[in-house]
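Below is one structure, written out as structure tokens, with a few remarks after it.
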Amino acid sequence: MSPNYNKPTLKNVYYGDVINSLPTMNGKTVAITGTTSGTGYIAAKTMAELGARLFVLNRASKKAENALETLNAAFPEAEIVSIECDLQNFESVREAAHQVNALCAEGLDVLCNNAGVMALEDLATPDGFDVQMQTNHLSHFLLTKELFPSLEKAAELRGEARIVNHSSVARFGKKLESKYLEKNGGNLGGNGSSMLFGGARWVRYQQTKLANAAFTSCLHEKLQKANPKIKAMVAHPGLATTSLQDTTVGDGGMGSWFTGLFMRAGQSQEDGAIGIIKGMADPASKSGDFIGPGKSRTAMKGPVVHFQLEDFYNNPETRELLWSKSCEAIGDNFEIK
Ligand SMILES: NC(=O)c1ccc[n+]([C@@H]2O[C@H](COP(=O)([O-])OP(=O)(O)OC[C@H]3O[C@@H](n4cnc5c(N)ncnc54)[C@H](OP(=O)(O)O)[C@@H]3O)[C@@H](O)[C@H]2O)c1
């Protein structure tokens with residue numbers, strides 16, 4: 001999508017040095033959602049460059065075909081497998097996971113749940129859930145559950161596997177509420193678009209990004225007990241000039257003048273992708289780490305730091321809510337033992 005606002009050109013500040021510091025991913029298999037643009041595209045490119053075998057999970061589109069073509073042209077030696085996966089549709093996610101598992105006899109080393117949408121209209125998916133919550137969290141919960149045996153296999157064979165979720169500074173705000181995880185799509189507050197004064201589109205987005213962090217808290221807690229060889233981490237990109245804002249402006253969730261001004265406070269998509277990339281490949285990243293350019297709600301850019309999961313979702317009540325409602329939504333139990 002071409003920018004529909006005055007997108008600033010922001011130079012990479014940190015990306016080159018960080019990537020040069022990472023070890024090879026040779027012999028590792030990685031799956032990433034949402035690689036048609038933005039942080040997911042940069043992560044896919046970086047993983048191919050580091051020598052990983054790569055699964056790119058995207059819904060079908062010309063944009064997805066173009067992104068794959070560009071990756072294949074840049075890395076002709078890399079094995080890049082494209083799997084159709086529409087995160088607005090649980091059946092599509094199940095089918096995608098089935099295909100990945102079938103091609104991962106030697107296990108899946110890294111799953112990066114990156115894809116997302118922001119501040120879209122109050123609409124239901126065909127499964128009945130909020131379009132933002134199903135895309136950003138519920139389908140990633142299902143994908144993680146379905147791919148879990150392949151992650152276990154990699155951990156058993158190579159001593160480690162990783163799940164990396166993608167949250168946001170938008171995680172701050174209301175505490176997690178069950179109604180956003182239930183079949184209430186299209187009935188969750190309407191289309192108020194004020195980012196600063198509680199517009200409903202932004203409250204729904206905030207709940208999804210809080211869910212990404214709470215999901216990590218659940219995984220970390222369960223995995224530390226059941227299988228610490230599998231690590232769960234979460235990252236945030238600060239404010240990065242990806243296609244996310246183009247989609248939101250196009251949907252009426254942000255004004256183009258404001259967005260042009262706002263994005264000048266951000267960073268390049270390469271610098272924004274460093275959090276997930278370090279989660280996926282940096283030996284120093286530990287289970288339970290939050291990785292991003294600072295821990296405050298104004299952490300829009302800068303070198304990434306590793307910080308701890310935060311009390312407002314890293315607590316038993318939120319974990320119980322997140323896990324039980326997510327299992328209810330996908331109609332299945334996700335047991336980690
Ligand atoms: N950019 C920022 O400032 C910022 C800030 C905080 C958090 N984040 C998070 O970063 C993550 C990546 O976003 P981005 O900024 O890189 O935006 P982006 O450039 O728009 O990338 C989003 C990706 O998600 C995919 N996606 C959306 N809906 C999908 C669906 N139903 N099924 C499959 N894939 C779907 C998009 O694919 P299509 O081409 O099919 O739409 C695209 O590949 C998101 O989780 C976002 O919440 C970004």
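Numbering starts fresh at 1 for the residues of each chain in the structure tokens, the chains themselves are lettered A, B, ... in the order given, and ligands are numbered from 1 as they appear.
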Do a neighbour search on A:Gly173 at 10 Å with only C-alpha atoms, toss out local chain neighbours closer than 3 positions, and write the hits as a PDB file with C-alpha atoms, in the first residue's frame.
```
ATOM      1  CA  VAL A 169       3.413   0.761  23.942  1.00  0.00           C
ATOM      2  CA  ALA A 170      -0.365   0.691  23.433  1.00  0.00           C
ATOM      3  CA  LEU A 176      -7.722  -6.877  30.292  1.00  0.00           C
ATOM      4  CA  GLY A 198     -10.363   6.774  24.652  1.00  0.00           C
ATOM      5  CA  VAL A 203      -9.365   0.745  23.326  1.00  0.00           C
ATOM      6  CA  GLN A 206      -4.965  -1.595  23.457  1.00  0.00           C
ATOM      7  CA  GLN A 207      -6.737  -4.749  24.649  1.00  0.00           C
ATOM      8  CA  LEU A 210      -2.207  -6.155  26.359  1.00  0.00           C
ATOM      9  CA  ARG A 297       4.552   4.442  27.483  1.00  0.00           C
ATOM     10  CA  PHE A 312      -0.553  -5.120  35.302  1.00  0.00           C
TER      11      PHE A 312
END
```
Find the spatial neighbours of stretch 260-274 of chain A, counting only C-alpha atoms, within a cut-off of 10 Å - ignore same-chain residues fewer than 4 positions away - and output them as an MDAnalysis selection string. chainID A and resid 3:16 18:19 37:43 46 114 166 235:243 245 255:256 278:280 291:293 299:304
Go ahead and save the residues from that selection, with C-alpha atoms, as an mmCIF file, in the first residue's frame.
```
data_model
loop_
_atom_site.group_PDB
_atom_site.id
_atom_site.type_symbol
_atom_site.label_atom_id
_atom_site.label_comp_id
_atom_site.auth_asym_id
_atom_site.auth_seq_id
_atom_site.Cartn_x
_atom_site.Cartn_y
_atom_site.Cartn_z
ATOM 1 C CA PRO A 3 1.493 5.841 2.045
ATOM 2 C CA ASN A 4 -1.720 7.813 2.396
ATOM 3 C CA TYR A 5 -0.119 10.362 4.699
ATOM 4 C CA ASN A 6 3.089 12.367 4.634
ATOM 5 C CA LYS A 7 5.358 9.522 5.755
ATOM 6 C CA PRO A 8 8.734 10.727 7.065
ATOM 7 C CA THR A 9 11.904 9.067 5.805
ATOM 8 C CA LEU A 10 13.694 7.859 8.923
ATOM 9 C CA LYS A 11 17.220 6.472 8.755
ATOM 10 C CA ASN A 12 18.305 3.224 10.370
ATOM 11 C CA VAL A 13 20.266 3.973 13.524
ATOM 12 C CA TYR A 14 20.724 0.628 15.283
ATOM 13 C CA TYR A 15 19.715 -2.131 12.870
ATOM 14 C CA GLY A 16 23.075 -2.719 11.119
ATOM 15 C CA VAL A 18 22.546 -5.341 15.963
ATOM 16 C CA ILE A 19 22.264 -7.680 12.987
ATOM 17 C CA SER A 37 5.579 -5.432 5.039
ATOM 18 C CA GLY A 38 6.885 -3.764 8.167
ATOM 19 C CA THR A 39 8.616 -5.478 11.045
ATOM 20 C CA GLY A 40 7.602 -8.955 9.844
ATOM 21 C CA TYR A 41 9.161 -8.353 6.439
ATOM 22 C CA ILE A 42 12.372 -7.058 8.039
ATOM 23 C CA ALA A 43 12.465 -10.029 10.421
ATOM 24 C CA THR A 46 17.067 -10.858 8.509
ATOM 25 C CA ASN A 114 4.155 -10.694 14.559
ATOM 26 C CA HIS A 166 4.661 -8.635 19.318
ATOM 27 C CA ALA A 235 8.776 -7.361 22.018
ATOM 28 C CA HIS A 236 7.545 -3.933 21.023
ATOM 29 C CA PRO A 237 8.805 -1.776 18.139
ATOM 30 C CA GLY A 238 8.244 1.672 19.610
ATOM 31 C CA LEU A 239 6.725 3.749 16.844
ATOM 32 C CA ALA A 240 7.926 2.476 13.479
ATOM 33 C CA THR A 241 7.124 3.684 9.974
ATOM 34 C CA THR A 242 5.643 0.442 8.649
ATOM 35 C CA SER A 243 2.397 -0.072 6.700
ATOM 36 C CA GLN A 245 -0.430 3.422 9.942
ATOM 37 C CA GLY A 255 -6.203 11.420 10.411
ATOM 38 C CA SER A 256 -3.536 11.757 7.730
ATOM 39 C CA LYS A 278 16.587 -10.207 19.211
ATOM 40 C CA GLY A 279 13.801 -12.367 20.640
ATOM 41 C CA MET A 280 14.235 -14.783 17.768
ATOM 42 C CA ILE A 291 12.383 -6.424 24.469
ATOM 43 C CA GLY A 292 11.942 -2.957 22.998
ATOM 44 C CA PRO A 293 13.160 0.637 22.936
ATOM 45 C CA ALA A 299 9.284 4.627 24.449
ATOM 46 C CA MET A 300 8.871 5.442 20.738
ATOM 47 C CA LYS A 301 12.451 4.929 19.567
ATOM 48 C CA GLY A 302 15.959 4.137 20.713
ATOM 49 C CA PRO A 303 18.240 1.193 21.382
ATOM 50 C CA VAL A 304 16.351 -1.857 22.622
#
```
Name the residues in contact with A:Phe307 at a cut-off of 8 Å, using only C-alpha atoms, excluding same-chain residues fewer than 4 positions from it; report them as a ChimeraX atom specification. /A:289-291,295
Saved selection, atoms kept: N, CA and C atoms, as a PDB file, in the first residue's frame:
```
ATOM      1  N   ASP A 289      11.460 -12.245  28.988  1.00  0.00           N
ATOM      2  CA  ASP A 289      11.971 -10.910  28.639  1.00  0.00           C
ATOM      3  C   ASP A 289      10.939 -10.132  27.835  1.00  0.00           C
ATOM      4  N   PHE A 290      10.884  -8.856  28.081  1.00  0.00           N
ATOM      5  CA  PHE A 290      10.199  -7.896  27.208  1.00  0.00           C
ATOM      6  C   PHE A 290      11.319  -7.117  26.526  1.00  0.00           C
ATOM      7  N   ILE A 291      11.261  -7.012  25.208  1.00  0.00           N
ATOM      8  CA  ILE A 291      12.383  -6.424  24.469  1.00  0.00           C
ATOM      9  C   ILE A 291      11.859  -5.275  23.596  1.00  0.00           C
ATOM     10  N   LYS A 295      10.856   0.887  28.441  1.00  0.00           N
ATOM     11  CA  LYS A 295       9.692   0.238  29.066  1.00  0.00           C
ATOM     12  C   LYS A 295       8.542   1.194  29.327  1.00  0.00           C
TER      13      LYS A 295
END
```
Shell of 12 Å around stretch 64-74 of chain A, only C-alpha atoms, local chain residues under 3 positions omitted, as a PyMOL selection string: chain A and resi 1+33-38+40-49+54-61+77-86
Could you pull out the strand (DSSP E or B) residues of stretch 4-253 of chain A, going by DSSP on the backbone, and write them as a VMD selection string? chain A and resid 29 to 33 53 to 58 80 to 84 110 to 113 124 130 161 to 166 230 to 235 240
Considering only C-alpha atoms, return as a list of chain:residue names whatever protein or nucleic-acid residues lie within 6 Å of A:Gly107, sequence-local ones (same chain, fewer than 6 positions apart) excluded.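 Counting only C-alpha atoms, the residues come to A:Ser150, A:Leu151, A:Lys153, A:Ala154.
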Enumerate the residues of stretch 38-276 of chain A with a DSSP assignment of alpha helix (DSSP H), computed from the backbone, and present them as a ChimeraX atom specification. /A:38-49,62-74,90-102,131-133,139-158,200-226,244-251,256-262,269-272,274-276
Name the residues in contact with A:Ala211 at a cut-off of 12 Å, using only C-alpha atoms, excluding same-chain residues fewer than 2 positions from it; report them as a ChimeraX atom specification. /A:132-141,165-168,170-172,174-178,180-181,204-209,213-219,234,312-314,318-323,325-326
Resulting file, chosen residues, C-alpha atoms, as a PDB file, in the first residue's frame:
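So again-v4.pdb came out as:
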```pdb
ATOM      1  CA  GLN A 132      -8.446  -6.745  15.913  1.00  0.00           C
ATOM      2  CA  MET A 133      -8.531  -9.288  18.766  1.00  0.00           C
ATOM      3  CA  GLN A 134      -8.780 -12.287  16.449  1.00  0.00           C
ATOM      4  CA  THR A 135      -6.019 -11.048  14.133  1.00  0.00           C
ATOM      5  CA  ASN A 136      -3.632  -9.813  16.804  1.00  0.00           C
ATOM      6  CA  HIS A 137      -4.108 -12.341  19.594  1.00  0.00           C
ATOM      7  CA  LEU A 138      -6.700 -15.141  19.307  1.00  0.00           C
ATOM      8  CA  SER A 139      -5.394 -16.565  16.031  1.00  0.00           C
ATOM      9  CA  HIS A 140      -1.827 -16.380  17.331  1.00  0.00           C
ATOM     10  CA  PHE A 141      -2.940 -18.264  20.448  1.00  0.00           C
ATOM     11  CA  ASN A 165       5.001 -12.227  20.522  1.00  0.00           C
ATOM     12  CA  HIS A 166       4.661  -8.635  19.318  1.00  0.00           C
ATOM     13  CA  SER A 167       3.039  -6.113  21.630  1.00  0.00           C
ATOM     14  CA  SER A 168       3.174  -2.299  21.724  1.00  0.00           C
ATOM     15  CA  ALA A 170      -0.365   0.691  23.433  1.00  0.00           C
ATOM     16  CA  ARG A 171      -0.506  -2.130  26.040  1.00  0.00           C
ATOM     17  CA  PHE A 172      -0.916   0.543  28.735  1.00  0.00           C
ATOM     18  CA  LYS A 174      -7.477  -0.440  30.837  1.00  0.00           C
ATOM     19  CA  LYS A 175      -6.911  -3.840  32.422  1.00  0.00           C
ATOM     20  CA  LEU A 176      -7.722  -6.877  30.292  1.00  0.00           C
ATOM     21  CA  GLU A 177     -11.489  -7.382  29.987  1.00  0.00           C
ATOM     22  CA  SER A 178     -13.196 -10.618  29.030  1.00  0.00           C
ATOM     23  CA  TYR A 180     -12.952  -8.232  24.147  1.00  0.00           C
ATOM     24  CA  LEU A 181     -11.964 -11.923  24.026  1.00  0.00           C
ATOM     25  CA  ARG A 204      -9.858  -2.442  21.302  1.00  0.00           C
ATOM     26  CA  TYR A 205      -6.304  -2.174  19.942  1.00  0.00           C
ATOM     27  CA  GLN A 206      -4.965  -1.595  23.457  1.00  0.00           C
ATOM     28  CA  GLN A 207      -6.737  -4.749  24.649  1.00  0.00           C
ATOM     29  CA  THR A 208      -5.113  -6.805  21.865  1.00  0.00           C
ATOM     30  CA  LYS A 209      -1.605  -5.544  22.643  1.00  0.00           C
ATOM     31  CA  ALA A 213       1.884  -9.372  26.703  1.00  0.00           C
ATOM     32  CA  ALA A 214      -0.471 -11.386  28.952  1.00  0.00           C
ATOM     33  CA  PHE A 215      -0.179 -14.384  26.603  1.00  0.00           C
ATOM     34  CA  THR A 216       3.612 -14.191  27.012  1.00  0.00           C
ATOM     35  CA  SER A 217       3.206 -14.071  30.784  1.00  0.00           C
ATOM     36  CA  CYS A 218       1.042 -17.229  30.655  1.00  0.00           C
ATOM     37  CA  LEU A 219       3.451 -19.066  28.367  1.00  0.00           C
ATOM     38  CA  VAL A 234       7.517 -10.398  23.889  1.00  0.00           C
ATOM     39  CA  PHE A 312      -0.553  -5.120  35.302  1.00  0.00           C
ATOM     40  CA  TYR A 313      -0.777  -8.333  33.225  1.00  0.00           C
ATOM     41  CA  ASN A 314       1.892 -10.542  34.803  1.00  0.00           C
ATOM     42  CA  THR A 318      -5.033 -11.749  34.206  1.00  0.00           C
ATOM     43  CA  ARG A 319      -3.315 -14.998  33.234  1.00  0.00           C
ATOM     44  CA  GLU A 320      -6.388 -17.022  34.181  1.00  0.00           C
ATOM     45  CA  LEU A 321      -8.672 -14.673  32.225  1.00  0.00           C
ATOM     46  CA  LEU A 322      -6.450 -14.653  29.141  1.00  0.00           C
ATOM     47  CA  TRP A 323      -5.968 -18.407  29.018  1.00  0.00           C
ATOM     48  CA  LYS A 325     -11.126 -16.985  27.364  1.00  0.00           C
ATOM     49  CA  SER A 326      -8.633 -17.761  24.590  1.00  0.00           C
TER      50      SER A 326
END
```
Residue among A:Val100, A:Leu111, A:Ala119, A:Leu142 lying closest to A:Ala329, counting only C-alpha atoms: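 Closest candidate: A:Leu142.
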Out of A:Val131, A:Leu123, A:Ala155, A:Leu223, which residue has the shortest atom-to-atom distance to A:Gly190 when counting only C-alpha atoms? A:Leu123
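Each of A:Phe258, A:Phe90, A:Phe148, A:Phe197 was checked against ligand 1 using only C-alpha atoms and all ligand atoms; the smallest atom-to-atom distance is that of A:Phe90.
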